[in-house]
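K.L.:
This one is target_30.txt, compact mmCIF, C-alpha atoms and all ligand atoms.
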```txt
# COMPACT_ATOMS: atom_id res chain seq x y z
CA MET A 731 -14.67 -0.80 -14.25
CA ALA A 732 -16.76 0.22 -11.19
CA LEU A 733 -14.73 0.90 -8.04
CA SER A 734 -16.44 -1.97 -6.11
CA GLN A 735 -15.64 -4.48 -8.88
CA HIS A 736 -12.14 -3.11 -9.12
CA LEU A 737 -11.56 -3.40 -5.37
CA SER A 738 -12.76 -6.99 -5.40
CA LYS A 739 -10.19 -7.78 -8.13
CA SER A 740 -7.53 -5.86 -6.19
CA ARG A 741 -8.30 -7.90 -3.06
CA GLN A 742 -7.93 -11.11 -5.06
CA PHE A 743 -4.54 -9.88 -6.22
CA LEU A 744 -3.69 -8.90 -2.66
CA ALA A 745 -4.51 -12.42 -1.46
CA ILE A 746 -2.29 -13.86 -4.18
CA ALA A 747 0.43 -11.33 -3.40
CA ARG A 748 0.21 -12.16 0.32
CA ASN A 749 0.51 -15.87 -0.39
CA TYR A 750 3.48 -15.15 -2.58
CA SER A 751 4.93 -12.83 0.08
CA ALA A 752 4.57 -15.58 2.67
CA ALA A 753 6.80 -17.81 0.57
CA ALA A 754 9.43 -15.25 -0.37
CA SER A 755 8.58 -12.03 1.49
CA LEU A 756 10.94 -9.55 -0.15
CA VAL A 757 8.05 -7.36 -1.31
CA ASN A 758 4.84 -6.67 0.58
CA VAL A 759 1.74 -5.45 -1.28
CA GLU A 760 -1.22 -3.84 0.45
CA VAL A 761 -4.13 -2.44 -1.50
CA ASN A 762 -5.94 0.47 0.17
CA ASP A 763 -9.61 -0.48 0.60
CA LYS A 764 -10.92 2.99 -0.23
CA SER A 765 -8.69 4.12 -3.08
CA GLY A 766 -7.60 0.80 -4.60
CA VAL A 767 -4.01 2.09 -4.56
CA ALA A 768 -1.30 -0.51 -3.83
CA VAL A 769 1.45 0.23 -1.34
CA VAL A 770 4.43 -1.82 -2.51
CA THR A 771 6.93 -2.13 0.33
CA LEU A 772 10.42 -3.43 -0.36
CA GLN A 773 11.65 -5.52 2.54
CA ARG A 774 14.96 -7.19 1.83
CA PRO A 775 17.08 -6.56 4.94
CA PRO A 776 19.10 -4.65 5.78
CA VAL A 777 19.08 -2.02 2.99
CA ASN A 778 16.95 -3.36 0.11
CA SER A 779 19.98 -3.89 -2.11
CA LEU A 780 18.55 -5.09 -5.41
CA ASN A 781 19.66 -8.68 -5.96
CA LEU A 782 18.13 -11.11 -8.45
CA GLU A 783 15.51 -12.38 -6.01
CA LEU A 784 14.27 -8.91 -4.98
CA LEU A 785 14.18 -7.73 -8.60
CA THR A 786 12.23 -10.86 -9.58
CA GLU A 787 9.63 -10.15 -6.91
CA ILE A 788 9.33 -6.50 -7.92
CA LYS A 789 8.83 -7.59 -11.53
CA GLN A 790 6.13 -10.13 -10.55
CA THR A 791 4.41 -7.51 -8.40
CA LEU A 792 4.32 -4.98 -11.24
CA THR A 793 3.00 -7.61 -13.66
CA GLY A 794 0.24 -8.47 -11.16
CA LEU A 795 -0.71 -4.83 -10.66
CA GLU A 796 -0.87 -4.22 -14.41
CA LYS A 797 -2.97 -7.35 -14.97
CA ASN A 798 -5.42 -6.28 -12.28
CA LYS A 799 -5.69 -2.75 -13.66
CA SER A 800 -4.35 -1.21 -10.49
CA ARG A 801 -5.51 2.29 -9.56
CA GLY A 802 -1.94 3.22 -8.66
CA ALA A 803 1.17 2.13 -6.79
CA ILE A 804 3.31 3.71 -4.09
CA ILE A 805 6.78 2.19 -3.84
CA THR A 806 8.46 2.48 -0.46
CA SER A 807 10.71 0.65 1.98
CA ALA A 808 10.18 -1.18 5.25
CA PHE A 809 13.57 0.08 6.49
CA LYS A 810 15.41 3.37 7.06
CA THR A 811 17.06 2.98 3.63
CA PHE A 812 14.80 3.21 0.56
CA SER A 813 17.20 1.06 -1.46
CA ALA A 814 21.01 0.85 -1.47
CA GLY A 815 20.87 0.27 -5.23
CA LEU A 816 22.04 -2.81 -7.05
CA ASP A 817 23.45 -5.52 -4.83
CA ILE A 818 27.16 -5.10 -5.42
CA LEU A 819 27.68 -8.80 -4.72
CA GLU A 820 25.75 -9.58 -7.95
CA MET A 821 28.52 -7.81 -9.87
CA TYR A 822 31.54 -8.80 -7.78
CA LYS A 823 33.17 -12.10 -8.90
CA PRO A 824 29.96 -12.87 -10.81
CA ASN A 825 28.58 -16.17 -12.03
CA PRO A 826 27.96 -15.42 -15.75
CA ASP A 827 24.53 -17.12 -15.98
CA ARG A 828 23.26 -15.43 -12.84
CA ALA A 829 24.72 -12.06 -13.91
CA LYS A 830 22.84 -12.36 -17.20
CA GLU A 831 19.56 -13.16 -15.46
CA PHE A 832 20.19 -10.39 -12.92
CA TRP A 833 20.70 -7.67 -15.55
CA THR A 834 17.83 -8.92 -17.74
CA THR A 835 15.51 -8.80 -14.74
CA LEU A 836 16.66 -5.27 -13.90
CA GLN A 837 15.86 -4.27 -17.49
CA ASP A 838 12.41 -5.91 -17.17
CA VAL A 839 11.69 -4.06 -13.92
CA TRP A 840 12.68 -0.75 -15.52
CA ILE A 841 10.46 -1.38 -18.56
CA SER A 842 7.45 -2.43 -16.42
CA LEU A 843 7.75 0.45 -13.96
CA TYR A 844 8.69 3.13 -16.48
CA SER A 845 5.78 2.21 -18.73
CA ALA A 846 3.21 1.30 -16.04
CA GLN A 847 -0.30 2.27 -17.11
CA PHE A 848 -1.27 3.12 -13.54
CA PRO A 849 0.07 6.19 -11.67
CA THR A 850 3.25 5.55 -9.70
CA VAL A 851 4.83 7.34 -6.75
CA ALA A 852 8.15 6.70 -5.03
CA LEU A 853 7.98 7.39 -1.32
CA ILE A 854 11.70 7.68 -0.64
CA ASN A 855 11.88 7.18 3.09
CA GLY A 856 15.68 6.99 3.28
CA PRO A 857 18.83 6.94 1.13
CA ALA A 858 18.34 6.05 -2.53
CA PRO A 859 21.74 5.78 -4.24
CA ALA A 860 22.28 4.41 -7.79
CA GLY A 861 19.74 1.62 -8.50
CA GLY A 862 17.58 3.01 -5.66
CA CYS A 863 17.50 6.35 -7.43
CA LEU A 864 16.72 4.59 -10.72
CA LEU A 865 13.64 2.89 -9.22
CA SER A 866 12.33 6.24 -8.05
CA LEU A 867 13.09 7.90 -11.40
CA CYS A 868 10.79 5.37 -13.08
CA CYS A 869 7.89 6.71 -11.02
CA GLU A 870 5.79 9.73 -11.97
CA TYR A 871 6.20 11.52 -8.64
CA ARG A 872 8.87 11.43 -5.92
CA ILE A 873 8.32 12.27 -2.27
CA MET A 874 11.29 12.19 0.10
CA VAL A 875 12.02 12.49 3.80
CA PRO A 876 14.67 14.93 5.15
CA LYS A 877 18.28 13.90 5.81
CA ALA A 878 18.44 11.35 3.01
CA VAL A 879 20.46 11.21 -0.20
CA ILE A 880 19.58 10.34 -3.77
CA GLY A 881 21.52 10.15 -7.03
CA LEU A 882 23.29 8.07 -9.64
CA ASN A 883 26.67 7.76 -7.91
CA GLU A 884 28.07 5.00 -10.15
CA THR A 885 31.26 6.89 -11.05
CA GLN A 886 32.21 6.79 -7.38
CA LEU A 887 32.34 3.00 -7.69
CA GLY A 888 34.42 3.17 -10.87
CA ILE A 889 31.46 2.13 -13.06
CA VAL A 890 29.30 4.03 -15.49
CA ALA A 891 25.54 4.47 -15.33
CA PRO A 892 24.04 2.92 -18.49
CA SER A 893 22.37 5.20 -21.03
CA TRP A 894 18.84 4.31 -19.87
CA PHE A 895 19.75 5.25 -16.27
CA ALA A 896 21.02 8.58 -17.61
CA ALA A 897 17.93 9.07 -19.80
CA SER A 898 15.65 8.40 -16.81
CA MET A 899 17.39 11.19 -14.91
CA GLU A 900 17.62 13.52 -17.89
CA ASN A 901 13.85 13.26 -18.40
CA VAL A 902 13.37 14.55 -14.87
CA ILE A 903 16.11 17.17 -14.32
CA GLY A 904 17.39 17.92 -17.83
CA LYS A 905 20.67 17.34 -19.68
CA ARG A 906 22.87 19.89 -17.97
CA GLN A 907 22.11 18.82 -14.39
CA THR A 908 22.28 15.13 -15.39
CA GLU A 909 25.73 15.59 -16.92
CA LEU A 910 26.98 17.32 -13.77
CA ALA A 911 25.38 14.69 -11.54
CA LEU A 912 26.66 11.67 -13.46
CA THR A 913 30.21 12.85 -14.07
CA THR A 914 30.69 13.63 -10.38
CA GLY A 915 28.62 10.71 -9.08
CA LYS A 916 26.66 13.22 -7.02
CA LEU A 917 24.43 12.15 -4.18
CA PHE A 918 21.94 14.98 -3.65
CA THR A 919 20.72 15.80 -0.15
CA THR A 920 16.94 16.07 0.21
CA ASP A 921 17.10 19.87 -0.07
CA GLU A 922 19.39 19.76 -3.12
CA ALA A 923 17.18 17.16 -4.77
CA LEU A 924 14.11 19.36 -4.30
CA LYS A 925 15.92 22.40 -5.66
CA VAL A 926 17.04 20.62 -8.83
CA GLY A 927 13.63 18.93 -9.34
CA LEU A 928 14.87 15.40 -8.71
CA ILE A 929 12.12 15.06 -6.11
CA ASP A 930 8.74 16.77 -6.02
CA GLU A 931 7.95 17.08 -2.33
CA VAL A 932 9.56 16.77 1.10
CA VAL A 933 7.63 15.20 3.98
CA GLN A 934 8.61 14.86 7.62
CA THR A 935 7.43 11.28 8.09
CA LYS A 936 6.62 8.19 6.03
CA GLU A 937 2.96 8.45 7.17
CA GLU A 938 2.74 12.01 5.84
CA GLY A 939 4.36 10.74 2.64
CA LEU A 940 1.74 8.02 2.24
CA GLU A 941 -1.01 10.64 2.53
CA LYS A 942 0.66 12.90 -0.04
CA ALA A 943 1.22 9.97 -2.38
CA GLN A 944 -2.46 8.95 -2.12
CA GLY A 945 -3.31 12.60 -2.83
CA PHE A 946 -1.17 12.67 -5.97
CA ILE A 947 -2.76 9.48 -7.30
CA GLY A 948 -6.22 10.72 -6.23
CA SER A 949 -5.72 13.82 -8.38
CA PHE A 950 -6.31 11.62 -11.45
CA ALA A 951 -9.77 10.56 -10.23
CA ARG A 952 -11.57 12.67 -12.82
CA ILE A 953 -9.17 11.98 -15.67
CA SER A 954 -9.88 9.15 -18.09
CA PRO A 955 -7.36 6.35 -17.31
CA PHE A 956 -7.09 5.73 -21.06
CA ALA A 957 -6.20 9.36 -21.83
CA ARG A 958 -3.88 9.47 -18.83
CA SER A 959 -1.86 6.41 -19.72
CA LEU A 960 -1.67 7.31 -23.43
CA SER A 961 -0.35 10.74 -22.49
CA LYS A 962 2.28 9.10 -20.30
CA GLN A 963 3.19 6.81 -23.19
CA THR A 964 3.46 9.81 -25.52
CA VAL A 965 5.98 11.43 -23.20
CA ARG A 966 7.95 8.28 -22.27
CA GLY A 967 7.60 6.19 -25.45
CA GLY A 968 10.82 7.36 -27.12
CA THR A 969 12.96 6.53 -24.08
CA ILE A 970 11.30 3.12 -23.72
CA ARG A 971 11.66 2.21 -27.41
CA SER A 972 15.30 3.20 -27.40
CA MET A 973 16.02 1.11 -24.29
CA VAL A 974 14.16 -1.94 -25.64
CA LYS A 975 15.93 -1.67 -28.99
CA GLY A 976 19.34 -1.55 -27.29
CA ARG A 977 18.70 -4.01 -24.47
CA GLU A 978 20.72 -6.94 -25.88
CA ALA A 979 23.73 -4.71 -26.58
CA ASP A 980 23.29 -3.20 -23.12
CA LEU A 981 23.33 -6.68 -21.57
CA GLN A 982 26.51 -7.62 -23.42
CA LEU A 983 28.14 -4.34 -22.38
CA PHE A 984 27.19 -4.99 -18.76
CA LEU A 985 28.60 -8.53 -18.83
CA ALA A 986 31.83 -7.38 -20.46
CA THR A 987 32.19 -4.41 -18.09
CA ILE A 988 31.83 -6.36 -14.87
CA GLN A 989 34.45 -8.86 -16.03
CA GLN A 990 37.13 -6.19 -16.33
CA ASP A 991 39.92 -6.47 -13.76
CA GLN A 992 39.82 -2.75 -13.06
CA VAL A 993 36.07 -2.85 -12.38
CA GLN A 994 36.41 -5.91 -10.13
CA LYS A 995 39.19 -4.18 -8.21
CA GLY A 996 37.06 -1.04 -7.77
CA LEU A 997 34.03 -3.04 -6.59
CA GLY A 998 36.23 -5.03 -4.18
CA LEU A 999 37.56 -1.82 -2.64
CA TYR A 1000 34.05 -0.37 -2.39
CA ILE A 1001 32.76 -3.45 -0.57
CA GLU A 1002 35.73 -3.25 1.83
CA ALA A 1003 35.01 0.44 2.47
CA LEU A 1004 31.35 -0.36 3.26
CA LYS A 1005 32.40 -3.06 5.70
CA LYS A 1006 35.05 -0.83 7.35
CA LYS A 1007 32.43 1.90 7.75
CA GLN A 1008 30.33 -0.53 9.79
CA ALA A 1009 33.27 -1.64 11.91
CA ALA A 1010 34.26 1.99 12.69
C1 LIG A 1101 25.98 -1.16 -19.33
C2 LIG A 1101 27.19 -0.40 -18.93
C3 LIG A 1101 27.98 -0.99 -17.78
C4 LIG A 1101 27.22 -1.15 -16.57
C5 LIG A 1101 28.05 -1.23 -15.34
C6 LIG A 1101 27.23 -1.44 -14.14
C7 LIG A 1101 26.27 -0.33 -13.86
C8 LIG A 1101 25.64 -0.56 -12.52
C9 LIG A 1101 24.65 0.41 -12.20
C10 LIG A 1101 24.24 0.67 -10.94
C11 LIG A 1101 25.07 0.29 -9.81
C12 LIG A 1101 24.51 0.28 -8.45
O1 LIG A 1101 23.37 0.45 -8.08
S1 LIG A 1101 25.76 -0.12 -7.43
C13 LIG A 1101 25.19 0.15 -5.82
C14 LIG A 1101 25.51 1.54 -5.41
N1 LIG A 1101 25.12 1.72 -4.05
C15 LIG A 1101 25.81 2.43 -3.20
O2 LIG A 1101 26.81 3.02 -3.51
C16 LIG A 1101 25.28 2.46 -1.78
C17 LIG A 1101 26.19 1.76 -0.83
N2 LIG A 1101 25.59 1.72 0.49
C18 LIG A 1101 25.54 2.78 1.31
O3 LIG A 1101 25.95 3.88 1.02
C19 LIG A 1101 24.91 2.55 2.66
O4 LIG A 1101 24.88 1.17 2.88
C20 LIG A 1101 23.49 3.12 2.80
C21 LIG A 1101 23.56 4.67 2.86
C22 LIG A 1101 22.59 2.69 1.67
C23 LIG A 1101 22.87 2.61 4.15
O5 LIG A 1101 23.75 2.95 5.22
P1 LIG A 1101 23.63 2.19 6.62
O6 LIG A 1101 24.64 2.82 7.51
O7 LIG A 1101 22.23 2.17 7.08
O8 LIG A 1101 23.98 0.67 6.30
P2 LIG A 1101 25.44 0.04 6.06
O9 LIG A 1101 26.25 0.88 5.18
O10 LIG A 1101 26.03 -0.32 7.38
O11 LIG A 1101 25.07 -1.28 5.25
C24 LIG A 1101 24.45 -2.41 5.87
C25 LIG A 1101 24.91 -3.66 5.17
O12 LIG A 1101 24.46 -3.63 3.82
C26 LIG A 1101 25.58 -3.78 2.91
N3 LIG A 1101 25.31 -3.00 1.69
C27 LIG A 1101 25.07 -1.69 1.60
N4 LIG A 1101 24.85 -1.34 0.32
C28 LIG A 1101 24.98 -2.46 -0.40
C29 LIG A 1101 24.86 -2.75 -1.79
N5 LIG A 1101 24.54 -1.80 -2.71
N6 LIG A 1101 25.06 -4.01 -2.20
C30 LIG A 1101 25.36 -4.99 -1.31
N7 LIG A 1101 25.48 -4.78 0.03
C31 LIG A 1101 25.29 -3.52 0.47
C32 LIG A 1101 26.75 -3.24 3.73
O13 LIG A 1101 27.97 -3.73 3.21
C33 LIG A 1101 26.44 -3.79 5.09
O14 LIG A 1101 26.75 -5.16 5.07
P3 LIG A 1101 27.34 -5.92 6.33
O15 LIG A 1101 26.29 -5.78 7.39
O16 LIG A 1101 27.56 -7.32 5.87
O17 LIG A 1101 28.63 -5.21 6.68
```
Write out the structure in this file as structure tokens.
P.N.:
Amino acid sequence: MALSQHLSKSRQFLAIARNYSAAASLVNVEVNDKSGVAVVTLQRPPVNSLNLELLTEIKQTLTGLEKNKSRGAIITSAFKTFSAGLDILEMYKPNPDRAKEFWTTLQDVWISLYSAQFPTVALINGPAPAGGCLLSLCCEYRIMVPKAVIGLNETQLGIVAPSWFAASMENVIGKRQTELALTTGKLFTTDEALKVGLIDEVVQTKEEGLEKAQGFIGSFARISPFARSLSKQTVRGGTIRSMVKGREADLQLFLATIQQDQVQKGLGLYIEALKKKQAA
């Protein structure tokens, strides 16, 4: 598709996305006029914790971008936190129907983002623990600001990162580092994350990050989109097939896990600790 035609389609999507944003406004989408790349900004105050509504909007945004043959997407945050991960309140004293929809939507978001045909970059402009880290691991390239943290810290909450969370990390930093990170619930500083390969670049500001992200996506300008996305599928296909095959069992495991007294107790204490931290 010619760039002018493509941009016209992108603008139509942008108009739809803006209308949608006006109604719900947890995700803002802006398509760059020159490059056709979408900047997808998460904006659920205060820390972009991923509840059902935010996940639903992310999923709809990704579906829209795929449908409109997006040139690329940069995922970032409107706040000083990239994402605080899953909204703990979705797992604490859960309503079973909502918990089911919540987890299924998280699975859908992972599948859409992990398998996106267009290039994806996470511009991690603040802390990205647990589910926040997972979102960034789905992207092809990670750019992070200094003085932030990133990692799958689930064990610190007394829960276990599911196998597809672990696989997403393993595909980026390898088995050994993933095992160490998951068993300790490690949150990597920006420097540590760069050293271990969890992120690809450090930038001083979000603006610099946007430029670098556009540069990464621009580097595919002379590569056939078909060959590009098939190559991505070749590398990621096994992980995706395995997750899709196991998704029902994974859902049941999630529902059973969050109903355990011990897990509820751990989550309750964690929520208290977060609140105390604010009061201090
Ligand atoms: C299939 C097998 C079984 C599966 C089991 C389940 C597997 C689940 C997998 C993933 C789990 C997760 O993603 S759990 C979430 C983990 N997240 C964290 O540990 C991060 C916790 N938050 C923080 O560390 C900090 O908030 C921050 C560094 C992200 C930001 O710090 P800051 O100082 O800027 O903000 P506050 O700490 O003051 O927070 C503001 C406000 O937000 C509330 N908050 C923070 N994080 C969450 C969250 N994840 N969910 C819900 N709410 C959150 C915090 O309590 C404050 O609220 P109040 O203003 O009301 O006090």
K.L.:
Given a cut-off of 6 Å, what residues near ligand LIG 1101 (chain A) show up using all atoms listed in the file, put as JSON, numbers by chain?
P.N.:
{"A": [776, 777, 779, 811, 814, 815, 816, 817, 818, 819, 857, 859, 860, 861, 884, 889, 890, 891, 892, 980, 983, 984, 987, 1004, 1005, 1008]}
K.L.:
Atoms to include: C-alpha atoms. Write the selected residues as a PDB file, in the frame of the given file.
P.N.:
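What ended up in selection_2.pdb:
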```pdb
ATOM      1  CA  PRO A 776      19.100  -4.650   5.780  1.00  0.00           C
ATOM      2  CA  VAL A 777      19.080  -2.020   2.990  1.00  0.00           C
ATOM      3  CA  SER A 779      19.980  -3.890  -2.110  1.00  0.00           C
ATOM      4  CA  THR A 811      17.060   2.980   3.630  1.00  0.00           C
ATOM      5  CA  ALA A 814      21.010   0.850  -1.470  1.00  0.00           C
ATOM      6  CA  GLY A 815      20.870   0.270  -5.230  1.00  0.00           C
ATOM      7  CA  LEU A 816      22.040  -2.810  -7.050  1.00  0.00           C
ATOM      8  CA  ASP A 817      23.450  -5.520  -4.830  1.00  0.00           C
ATOM      9  CA  ILE A 818      27.160  -5.100  -5.420  1.00  0.00           C
ATOM     10  CA  LEU A 819      27.680  -8.800  -4.720  1.00  0.00           C
ATOM     11  CA  PRO A 857      18.830   6.940   1.130  1.00  0.00           C
ATOM     12  CA  PRO A 859      21.740   5.780  -4.240  1.00  0.00           C
ATOM     13  CA  ALA A 860      22.280   4.410  -7.790  1.00  0.00           C
ATOM     14  CA  GLY A 861      19.740   1.620  -8.500  1.00  0.00           C
ATOM     15  CA  GLU A 884      28.070   5.000 -10.150  1.00  0.00           C
ATOM     16  CA  ILE A 889      31.460   2.130 -13.060  1.00  0.00           C
ATOM     17  CA  VAL A 890      29.300   4.030 -15.490  1.00  0.00           C
ATOM     18  CA  ALA A 891      25.540   4.470 -15.330  1.00  0.00           C
ATOM     19  CA  PRO A 892      24.040   2.920 -18.490  1.00  0.00           C
ATOM     20  CA  ASP A 980      23.290  -3.200 -23.120  1.00  0.00           C
ATOM     21  CA  LEU A 983      28.140  -4.340 -22.380  1.00  0.00           C
ATOM     22  CA  PHE A 984      27.190  -4.990 -18.760  1.00  0.00           C
ATOM     23  CA  THR A 987      32.190  -4.410 -18.090  1.00  0.00           C
ATOM     24  CA  LEU A1004      31.350  -0.360   3.260  1.00  0.00           C
ATOM     25  CA  LYS A1005      32.400  -3.060   5.700  1.00  0.00           C
ATOM     26  CA  GLN A1008      30.330  -0.530   9.790  1.00  0.00           C
TER      27      GLN A1008
END
```
K.L.:
Might you pull out every residue within 9 Å of range 782-797 of chain A, with only C-alpha atoms counted and same-chain residues fewer than 5 positions away left off, and present them as a VMD selection string?
P.N.:
chain A and resid 740 743 747 751 754 to 757 759 768 770 772 to 774 802 to 803 817 820 828 to 829 831 to 833 835 to 836 838 to 840 842 to 843 846 to 848
K.L.:
Ala896 in chain A: which residues within 12 Å, counting only C-alpha atoms, same-chain residues fewer than 4 positions away excluded, as a ChimeraX atom specification?
P.N.:
/A:860-861,863-864,867-868,881-884,890-892,900-913,915,969,973
K.L.:
Can you tell me, as number ranges by chain, what residues are no more than 7 Å from Thr920 in chain A when counting only C-alpha atoms, ignoring any on the same chain fewer than 4 positions away?
P.N.:
A: 874, 876-879, 924
K.L.:
List every protein, DNA or RNA residue with an atom no more than 12 Å from (2.4, 7.5, -16.1) in the file's coordinates, counting all atoms listed in the file, and format the result as a ChimeraX atom specification.
P.N.:
/A:801-803,842-851,867-871,946-947,950,955-967
K.L.:
May I have the selected residues written with C-alpha atoms, as an mmCIF file, in the frame of the given file?
P.N.:
```cif
data_model
loop_
_atom_site.group_PDB
_atom_site.id
_atom_site.type_symbol
_atom_site.label_atom_id
_atom_site.label_comp_id
_atom_site.auth_asym_id
_atom_site.auth_seq_id
_atom_site.Cartn_x
_atom_site.Cartn_y
_atom_site.Cartn_z
ATOM 1 C CA ARG A 801 -5.510 2.290 -9.560
ATOM 2 C CA GLY A 802 -1.940 3.220 -8.660
ATOM 3 C CA ALA A 803 1.170 2.130 -6.790
ATOM 4 C CA SER A 842 7.450 -2.430 -16.420
ATOM 5 C CA LEU A 843 7.750 0.450 -13.960
ATOM 6 C CA TYR A 844 8.690 3.130 -16.480
ATOM 7 C CA SER A 845 5.780 2.210 -18.730
ATOM 8 C CA ALA A 846 3.210 1.300 -16.040
ATOM 9 C CA GLN A 847 -0.300 2.270 -17.110
ATOM 10 C CA PHE A 848 -1.270 3.120 -13.540
ATOM 11 C CA PRO A 849 0.070 6.190 -11.670
ATOM 12 C CA THR A 850 3.250 5.550 -9.700
ATOM 13 C CA VAL A 851 4.830 7.340 -6.750
ATOM 14 C CA LEU A 867 13.090 7.900 -11.400
ATOM 15 C CA CYS A 868 10.790 5.370 -13.080
ATOM 16 C CA CYS A 869 7.890 6.710 -11.020
ATOM 17 C CA GLU A 870 5.790 9.730 -11.970
ATOM 18 C CA TYR A 871 6.200 11.520 -8.640
ATOM 19 C CA PHE A 946 -1.170 12.670 -5.970
ATOM 20 C CA ILE A 947 -2.760 9.480 -7.300
ATOM 21 C CA PHE A 950 -6.310 11.620 -11.450
ATOM 22 C CA PRO A 955 -7.360 6.350 -17.310
ATOM 23 C CA PHE A 956 -7.090 5.730 -21.060
ATOM 24 C CA ALA A 957 -6.200 9.360 -21.830
ATOM 25 C CA ARG A 958 -3.880 9.470 -18.830
ATOM 26 C CA SER A 959 -1.860 6.410 -19.720
ATOM 27 C CA LEU A 960 -1.670 7.310 -23.430
ATOM 28 C CA SER A 961 -0.350 10.740 -22.490
ATOM 29 C CA LYS A 962 2.280 9.100 -20.300
ATOM 30 C CA GLN A 963 3.190 6.810 -23.190
ATOM 31 C CA THR A 964 3.460 9.810 -25.520
ATOM 32 C CA VAL A 965 5.980 11.430 -23.200
ATOM 33 C CA ARG A 966 7.950 8.280 -22.270
ATOM 34 C CA GLY A 967 7.600 6.190 -25.450
#
```
K.L.:
One number please: CA of Leu853 in chain A to CA of Ile873 in chain A, in Å, one decimal.
P.N.:
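It comes out at 5.0 Å.
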K.L.:
Could you check the closest approach to Gly862 in chain A for each of A:Leu917, A:Ala986, A:Leu780, A:Leu928 and tell me which residue wins, using all atoms listed in the file?
P.N.:
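Smallest distance to Gly862 in chain A is found for A:Leu780.
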K.L.:
Between A:Lys799, A:Lys823, A:Arg977, A:Lys810, which has the minimum distance to Lys995 in chain A (counting all atoms listed in the file)?
P.N.:
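The closest residue to Lys995 in chain A is A:Lys823.
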K.L.:
If you measure from CA of Ile804 in chain A to CA of Thr771 in chain A, what distance in Å do you get, rounded to one decimal?
P.N.:
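Interatomic distance here is 8.2 Å.
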K.L.:
Could you check how far CA of Ile880 in chain A sits from CA of Ala808 in chain A, in Å to one decimal?
P.N.:
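Spanning CA of Ile880 in chain A to CA of Ala808 in chain A is a straight-line distance of 17.4 Å.
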K.L.:
Which residues are near Leu985 in chain A? Cut-off 10 Å, all atoms listed in the file, ignore same chain within fewer than 4 positions. Put them as a tab-separated table (two decimals) with C-alpha atoms, keeping the file's coordinate frame.
P.N.:
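Saved as out.tsv:
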```
chain	number	residue	atom	x	y	z
A	821	MET	CA	28.52	-7.81	-9.87
A	824	PRO	CA	29.96	-12.87	-10.81
A	826	PRO	CA	27.96	-15.42	-15.75
A	827	ASP	CA	24.53	-17.12	-15.98
A	829	ALA	CA	24.72	-12.06	-13.91
A	830	LYS	CA	22.84	-12.36	-17.20
A	833	TRP	CA	20.70	-7.67	-15.55
A	979	ALA	CA	23.73	-4.71	-26.58
A	980	ASP	CA	23.29	-3.20	-23.12
A	981	LEU	CA	23.33	-6.68	-21.57
A	989	GLN	CA	34.45	-8.86	-16.03
A	990	GLN	CA	37.13	-6.19	-16.33
```
